[in-house]
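**Q** Next up, entry_18.txt (compact mmCIF, C-alpha atoms).
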# COMPACT_ATOMS: atom_id res chain seq x y z
CA MET A 292 -14.42 -19.21 20.87
CA PRO A 293 -10.86 -18.05 20.12
CA GLY A 294 -9.02 -20.89 18.41
CA ASP A 295 -12.21 -22.92 18.18
CA CYS A 296 -14.04 -21.29 15.30
CA HIS A 297 -16.50 -23.14 13.08
CA TYR A 298 -14.56 -21.56 10.21
CA LEU A 299 -11.23 -22.70 11.66
CA GLU A 300 -9.07 -19.56 11.91
CA GLY A 301 -12.01 -17.29 11.00
CA ASN A 302 -12.35 -15.56 14.35
CA ALA A 303 -8.59 -15.07 14.61
CA ASN A 304 -8.70 -13.33 11.21
CA ALA A 305 -11.69 -11.29 12.31
CA LYS A 306 -9.89 -10.18 15.47
CA ARG A 307 -7.03 -8.66 13.44
CA ARG A 308 -9.45 -7.03 11.02
CA VAL A 309 -11.52 -5.53 13.83
CA ALA A 310 -8.31 -4.06 15.27
CA HIS A 311 -7.52 -2.58 11.85
CA VAL A 312 -10.97 -0.98 11.58
CA GLN A 313 -10.70 0.36 15.15
CA HIS A 314 -7.44 2.05 14.15
CA LEU A 315 -9.14 3.48 11.07
CA LEU A 316 -12.04 4.80 13.19
CA GLN A 317 -9.52 6.50 15.46
CA GLN A 318 -7.85 8.20 12.50
CA ILE A 319 -11.25 9.35 11.23
CA GLY A 320 -12.00 10.86 14.63
CA LEU A 321 -14.50 8.35 15.94
CA GLU A 322 -14.10 6.38 19.16
CA PRO A 323 -12.69 2.93 18.38
CA GLY A 324 -14.87 1.54 21.17
CA ARG A 325 -17.89 1.90 18.90
CA LEU A 326 -16.73 -1.34 17.31
CA ARG A 327 -15.95 -4.38 19.41
CA MET A 328 -15.73 -8.08 18.85
CA PHE A 329 -17.04 -10.65 21.31
CA ASN A 330 -16.38 -14.36 21.03
CA LEU A 331 -19.22 -16.72 21.77
CA SER A 332 -21.00 -19.70 20.29
CA SER A 333 -24.57 -19.94 19.09
CA ALA A 334 -25.39 -21.98 22.22
CA MET A 335 -24.49 -19.15 24.62
CA ALA A 336 -27.70 -17.17 24.71
CA SER A 337 -27.31 -15.67 28.18
CA GLN A 338 -23.72 -14.67 27.44
CA PHE A 339 -24.92 -13.08 24.21
CA ALA A 340 -27.46 -11.01 26.13
CA GLU A 341 -24.78 -9.90 28.59
CA TYR A 342 -22.51 -8.78 25.74
CA VAL A 343 -25.35 -6.86 24.11
CA GLU A 344 -26.05 -5.08 27.41
CA GLU A 345 -22.35 -4.37 27.88
CA MET A 346 -22.02 -2.94 24.37
CA THR A 347 -25.19 -0.90 24.83
CA ARG A 348 -23.83 0.61 28.04
CA GLN A 349 -20.54 1.40 26.32
CA VAL A 350 -22.16 3.07 23.32
CA GLU A 351 -24.55 5.03 25.56
CA ALA A 352 -21.54 6.28 27.51
CA LEU A 353 -19.89 7.38 24.27
CA GLY A 354 -23.03 9.22 23.22
CA PRO A 355 -24.72 9.47 19.84
CA ASN A 356 -22.80 9.04 16.60
CA PRO A 357 -21.21 12.49 16.10
CA LEU A 358 -21.64 12.16 12.34
CA ARG A 359 -25.39 12.26 12.90
CA ILE A 360 -25.22 15.17 15.33
CA HIS A 361 -23.19 17.43 13.06
CA HIS A 362 -25.55 17.32 10.12
CA SER A 363 -28.84 15.94 11.36
CA ASN A 364 -30.67 17.88 8.63
CA THR A 365 -28.91 16.03 5.82
CA PRO A 366 -29.63 12.46 4.78
CA LEU A 367 -27.21 9.86 6.11
CA THR A 368 -24.82 8.31 3.66
CA GLU A 369 -24.29 4.57 3.61
CA GLU A 370 -21.16 4.66 5.76
CA GLU A 371 -22.77 6.88 8.41
CA THR A 372 -25.66 4.51 9.13
CA MET B 21 5.42 -5.59 -8.68
CA ILE B 22 5.58 -2.13 -7.19
CA ILE B 23 4.83 -2.30 -3.47
CA ALA B 24 3.34 0.67 -1.66
CA GLU B 25 1.74 1.58 1.65
CA GLN B 26 -1.04 4.01 2.39
CA LYS B 27 -0.17 7.24 4.11
CA ASN B 28 -2.04 7.81 7.35
CA LEU B 29 -5.26 9.76 7.19
CA ASN B 30 -3.90 12.85 8.97
CA GLU B 31 -1.16 13.26 6.38
CA ILE B 32 -3.71 12.77 3.60
CA LYS B 33 -5.99 15.41 5.16
CA ASN B 34 -3.07 17.86 5.26
CA LEU B 35 -2.30 17.16 1.62
CA ILE B 36 -5.90 17.83 0.65
CA GLY B 37 -5.87 21.17 2.45
CA ASP B 38 -8.92 23.31 1.70
CA ALA B 39 -9.99 21.49 -1.46
CA GLU B 40 -13.76 21.07 -1.58
CA ASN B 41 -14.02 18.51 -4.34
CA VAL B 42 -11.67 15.57 -3.93
CA LEU B 43 -11.26 12.62 -6.27
CA VAL B 44 -9.58 9.56 -4.76
CA LEU B 45 -8.15 7.75 -7.76
CA GLY B 46 -7.23 4.10 -7.32
CA CYS B 47 -5.03 2.02 -9.59
CA GLY B 48 -6.02 -1.48 -10.69
CA THR B 49 -2.57 -2.96 -11.10
CA CYS B 50 0.38 -3.30 -8.64
CA VAL B 51 -1.14 -1.38 -5.74
CA THR B 52 -4.36 -3.38 -6.02
CA VAL B 53 -2.42 -6.60 -5.58
CA CYS B 54 -0.58 -5.23 -2.54
CA PHE B 55 -3.83 -3.93 -1.02
CA ALA B 56 -2.68 -0.31 -0.90
CA GLY B 57 -4.49 1.56 -3.65
CA GLY B 58 -7.06 -0.54 -5.51
CA ALA B 59 -10.79 0.03 -5.84
CA HIS B 60 -11.44 -1.32 -2.35
CA GLU B 61 -8.85 0.95 -0.72
CA ALA B 62 -9.99 3.95 -2.76
CA ALA B 63 -13.57 3.48 -1.54
CA ILE B 64 -12.44 3.14 2.10
CA THR B 65 -10.16 6.18 1.84
CA ALA B 66 -12.93 8.28 0.28
CA ALA B 67 -15.43 7.22 2.96
CA SER B 68 -12.88 7.91 5.70
CA LEU B 69 -12.23 11.39 4.31
CA ARG B 70 -15.95 12.15 4.05
CA MET B 71 -16.46 11.14 7.68
CA ALA B 72 -13.30 12.83 9.00
CA THR B 73 -13.97 16.15 7.26
CA LYS B 74 -17.60 16.08 8.37
CA LEU B 75 -16.54 15.52 11.98
CA GLU B 76 -14.25 18.53 11.69
CA GLY B 77 -17.24 20.63 10.62
CA HIS B 78 -16.09 21.14 7.02
CA PRO B 79 -17.48 18.26 4.97
CA ARG B 80 -15.96 17.80 1.53
CA GLN B 81 -17.25 16.16 -1.56
CA VAL B 82 -15.05 13.08 -1.87
CA THR B 83 -15.61 10.56 -4.64
CA ASP B 84 -13.56 7.60 -5.74
CA LEU B 85 -12.76 5.96 -9.02
CA THR B 86 -10.25 3.33 -10.08
CA VAL B 87 -8.54 3.02 -13.45
CA GLN B 88 -6.79 -0.08 -14.73
CA ARG B 89 -3.33 1.57 -14.70
CA GLN B 90 -2.48 5.11 -13.67
CA CYS B 91 0.94 4.85 -15.30
CA GLU B 92 -0.43 4.85 -18.85
CA TRP B 93 -2.11 7.95 -20.19
CA GLU B 94 -4.73 6.10 -22.24
CA TYR B 95 -6.15 4.58 -19.06
CA LEU B 96 -6.22 8.01 -17.42
CA ASP B 97 -8.28 9.29 -20.34
CA GLU B 98 -11.14 7.12 -19.11
CA ALA B 99 -11.23 9.24 -15.94
CA ALA B 100 -10.54 12.57 -17.64
CA GLU B 101 -13.89 14.15 -16.81
CA GLN B 102 -13.70 13.32 -13.09
CA ILE B 103 -10.02 14.31 -12.89
CA GLN B 104 -10.62 17.70 -14.51
CA GLN B 105 -13.63 18.44 -12.33
CA ALA B 106 -11.80 17.75 -9.06
CA ASP B 107 -10.07 20.46 -7.02
CA ILE B 108 -7.50 17.84 -6.14
CA VAL B 109 -6.83 14.25 -7.15
CA LEU B 110 -5.57 12.03 -4.35
CA SER B 111 -3.73 9.35 -6.26
CA LEU B 112 -3.62 5.90 -4.71
CA GLY B 113 -1.24 4.85 -7.45
CA CYS B 114 2.51 4.62 -7.03
CA GLY B 115 4.72 7.65 -7.59
CA ILE B 116 4.61 6.93 -11.31
CA GLY B 117 0.82 7.18 -11.27
CA VAL B 118 0.93 10.56 -9.53
CA GLN B 119 3.34 11.93 -12.12
CA ALA B 120 1.44 10.42 -15.04
CA ILE B 121 -1.66 12.35 -13.92
CA VAL B 122 0.36 15.54 -13.49
CA GLU B 123 1.87 15.22 -16.97
CA HIS B 124 -1.41 14.35 -18.67
CA PHE B 125 -3.57 16.87 -16.79
CA PRO B 126 -1.21 19.80 -16.12
CA SER B 127 -3.93 22.04 -14.66
CA THR B 128 -4.91 19.45 -12.02
CA TRP B 129 -3.42 19.46 -8.53
CA VAL B 130 -2.42 15.92 -7.56
CA ALA B 131 -1.30 14.57 -4.18
CA PRO B 132 0.04 11.12 -3.29
CA GLY B 133 -2.04 8.95 -0.98
CA LEU B 134 0.62 6.25 -0.89
CA ASN B 135 4.27 5.90 -0.08
CA THR B 136 5.82 3.91 -2.92
CA THR B 137 8.11 1.56 -1.11
CA PHE B 138 9.94 -1.00 -3.26
CA LEU B 139 9.86 -3.59 -6.03
CA GLY B 140 9.04 -6.92 -4.54
CA LEU B 141 6.69 -9.81 -4.05
CA PRO B 142 4.37 -11.25 -1.41
CA THR B 143 6.19 -14.00 0.46
CA GLU B 144 3.06 -14.90 2.43
CA GLN B 145 -0.35 -13.30 2.79
CA GLY B 146 0.16 -9.86 4.28
CA VAL B 147 3.96 -9.87 3.90
CA TRP B 148 5.85 -8.24 1.02
CA MET B 149 9.60 -8.23 0.53
CA GLU B 150 11.98 -6.34 -1.72
CA ARG B 151 13.55 -8.30 -4.56
CA CYS B 152 14.78 -5.81 -7.17
CA ALA B 153 16.52 -2.45 -6.97
CA ALA B 154 16.06 -1.67 -10.70
CA CYS B 155 19.81 -1.02 -10.96
CA GLY B 156 19.71 -1.28 -14.74
CA ASP B 157 22.46 -3.91 -15.04
CA CYS B 158 21.09 -7.23 -13.85
CA ILE B 159 23.61 -9.63 -12.32
CA LEU B 160 21.16 -12.35 -11.27
CA GLY B 161 22.88 -14.62 -13.80
CA LEU B 162 26.02 -14.51 -11.67
CA THR B 163 24.40 -15.03 -8.31
CA GLY B 164 22.05 -17.95 -8.78
CA GLY B 165 19.02 -15.74 -9.24
CA ILE B 166 19.29 -14.00 -5.86
CA CYS B 167 19.94 -10.26 -6.01
CA PRO B 168 22.70 -8.93 -3.76
CA ILE B 169 21.95 -5.36 -4.84
CA ALA B 170 18.42 -5.41 -3.44
CA ARG B 171 18.77 -8.03 -0.72
CA CYS B 172 22.24 -7.45 0.75
CA SER B 173 22.05 -4.45 3.07
CA LYS B 174 25.39 -3.24 1.68
CA SER B 175 24.69 -4.27 -1.94
CA LEU B 176 27.99 -6.15 -1.99
CA LEU B 177 29.10 -7.78 -5.21
CA ASN B 178 31.60 -10.06 -3.49
CA GLY B 179 30.01 -11.02 -0.23
CA PRO B 180 29.30 -11.91 2.40
CA CYS B 181 30.67 -9.24 4.70
CA GLY B 182 31.91 -9.90 8.21
CA GLY B 183 28.52 -9.02 9.62
CA SER B 184 26.84 -12.15 8.32
CA GLU B 185 25.96 -14.22 11.36
CA ASN B 186 24.15 -17.55 11.36
CA GLY B 187 22.82 -16.76 7.91
CA HIS B 188 21.41 -13.40 8.89
CA CYS B 189 22.36 -9.76 8.42
CA GLU B 190 24.00 -7.59 11.04
CA ILE B 191 21.77 -4.69 9.99
CA ASP B 192 18.65 -6.63 10.96
CA PRO B 193 18.82 -10.13 12.44
CA GLU B 194 15.39 -10.84 10.89
CA THR B 195 16.84 -10.32 7.41
CA PRO B 196 18.46 -13.31 5.73
CA CYS B 197 22.01 -12.65 4.53
CA ALA B 198 21.68 -12.40 0.75
CA TRP B 199 25.16 -13.82 0.27
CA GLN B 200 24.37 -16.78 2.51
CA LEU B 201 21.31 -17.38 0.32
CA ILE B 202 23.46 -17.09 -2.81
CA TYR B 203 26.06 -19.50 -1.40
CA ASP B 204 23.41 -22.03 -0.33
CA ARG B 205 21.69 -21.84 -3.70
CA LEU B 206 24.86 -22.20 -5.75
CA LYS B 207 25.99 -25.08 -3.54
CA SER B 208 22.67 -26.89 -3.98
CA MET B 209 22.99 -26.42 -7.75
CA HIS B 210 26.67 -27.60 -7.73
CA ARG B 211 27.76 -24.24 -9.11
CA LEU B 212 29.91 -22.90 -6.30
CA ASP B 213 32.68 -22.29 -8.81
CA ALA B 214 30.72 -19.21 -9.89
CA LEU B 215 31.86 -17.56 -6.69
CA LEU B 216 35.53 -17.93 -7.57
CA GLU B 217 35.27 -15.07 -10.04
CA ILE B 218 35.77 -11.70 -8.36
CA GLN B 219 33.24 -9.16 -9.57
CA PRO B 220 34.67 -5.76 -10.51
CA PRO B 221 33.10 -2.57 -9.16
CA LYS B 222 29.63 -2.11 -10.56
CA ASN B 223 28.84 0.59 -13.09
CA TRP B 224 26.22 2.52 -11.18
CA ARG B 225 25.51 4.90 -14.06
CA THR B 226 22.76 2.49 -15.13
CA SER B 227 21.17 3.02 -11.74
CA ARG B 228 20.16 6.29 -10.08
CA ASP B 229 23.70 7.64 -10.23
CA GLY B 230 23.26 8.42 -13.90
CA GLY B 231 20.20 10.59 -13.30
CA PRO B 232 16.66 9.87 -14.56
CA ARG B 233 16.75 6.93 -16.91
CA LYS B 234 15.20 6.52 -20.32
CA ILE B 235 14.77 3.70 -22.80
CA ILE B 236 14.22 4.34 -26.49
CA ARG B 237 13.21 1.47 -28.75
CA GLU B 238 13.51 2.71 -32.32
CA ASP B 239 11.87 -0.51 -33.55
CA LEU B 240 8.73 0.37 -31.62
CA ARG B 241 8.57 4.10 -32.23
CA LEU B 242 6.03 5.55 -34.59
CA PRO B 243 7.15 7.69 -37.50
CA ALA B 244 7.19 11.35 -36.50
CA GLU B 245 4.10 12.18 -38.56
CA GLU B 246 2.10 9.37 -36.89
CA SER B 247 3.14 9.95 -33.26
How does the structure come out when it is put into structure tokens?

**A**
Amino acid sequence: MPGDCHYLEGNANAKRRVAHVQHLLQQIGLEPGRLRMFNLSSAMASQFAEYVEEMTRQVEALGPNPLRIHHSNTPLTEEET
Amino acid sequence: MIIAEQKNLNEIKNLIGDAENVLVLGCGTCVTVCFAGGAHEAAITAASLRMATKLEGHPRQVTDLTVQRQCEWEYLDEAAEQIQQADIVLSLGCGIGVQAIVEHFPSTWVAPGLNTTFLGLPTEQGVWMERCAACGDCILGLTGGICPIARCSKSLLNGPCGGSENGHCEIDPETPCAWQLIYDRLKSMHRLDALLEIQPPKNWRTSRDGGPRKIIREDLRLPAEES
């Protein structure tokens, strides 16, 4: 949980880095909401399932990855997968 | 070291224009250490450009490569083939790197991917601060090793000014007053008497005021027939 990471300040560092990548995605032209960070411990199975469902709903609402739509006939590069 | 920041992706896309074949060239020295233009940043910039241009319906061929130092021609030679094949080289080196490529590969179009910002050092992880203005006439020996040219907002030689308040600068209250730092340092070293000497106006011809600067070391030059 925030401030209570097994790796001490690890999740606080990750939070800032996720924000940086979201900003980068926005500049690229992708929705930053395709990347999110959730805090939970390994003992929170039901919460984990809820977050997965929430993220799935969000990504479904955003639609398929536009990088795949534009050139579905060409192989995906590493960063597009 | 030279400190730089990446330009935002939109500006980089505008600089690239219609080029089909783009080489993002990183530099393995100063801008690697300040996380602006090393191999890691070059790879991310190239991937971002590939994705962004594909989303716009005009995908480009964007590759990346990093040389040890863009500011020395012999290191650029290692990337000669890729540089000459590119429609444009997006340099993630400092402004010196950009110009070194231009001078060594005159037929190549080169654009800067970074804003070269200052000469400085990291004071903590993720924070860089200016320390040297490269004025060409170092006075650190007079000021306890703290540069008033780079660190005083007014570059005063006989400070502080009246805007120094509680040890900070009137230009930006987050900025320590360089002359307060100098005073504190000299006091701690029992050398306050150094401040009794009034410094005359500085000769700025050694700085930018004298135009582009040049150093010639005859002891290091090669004979004309060997160079």

**Q** I want to know what sits within 10 Å of Ile36 of chain B, based on all atoms listed in the file, with residues of the same chain fewer than 5 positions away left out; could you give that as an MDAnalysis selection string?

**A** chainID B and resid 30:31 41:42 69 107:110 129:133

**Q** List the spatial neighbours of segment 317-321 of chain A as a PyMOL selection string - criterion: any atom at most 10 Å away, only C-alpha atoms, same-chain residues fewer than 3 positions off excluded.

**A** (chain A and resi 311-314+324-325+353+356-358) or (chain B and resi 28-30+65+67-76)

**Q** Contacts of Thr137 of chain B at 12 Å or less, counting all atoms listed in the file, minus same-chain residues fewer than 2 places along, as a list in words?

**A**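 Answer for this query is Met21, Ile22, Ile23, Ala24, Glu25, Gln26, Lys27, Cys50, Val51, Cys54, Ala56, Gly113, Cys114, Gly115, Leu134, Asn135, Leu139, Gly140, Leu141, Trp148, Met149, Glu150, Arg151, Cys152 and Ala153 of chain B.
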
**Q** My list of candidates is A:Leu315, A:His297, A:Ala305, A:Val343. Which is closest to chain B when distances are computed with only C-alpha atoms?

**A**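 For chain B, the nearest of the candidates is A:Leu315.
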
**Q** Please determine, counting all atoms listed in the file, which residue among B:Gly57, B:Gly77, B:Asp157, B:Trp199 has the shortest atom-to-atom distance to chain A.

**A** B:Gly77

**Q** Record the distance separating atom CA of Arg327 of chain A and atom CA of Gly301 of chain A, expressed in Å with one decimal.

**A**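 Spanning atom CA of Arg327 of chain A to atom CA of Gly301 of chain A is a straight-line distance of 15.9 Å.
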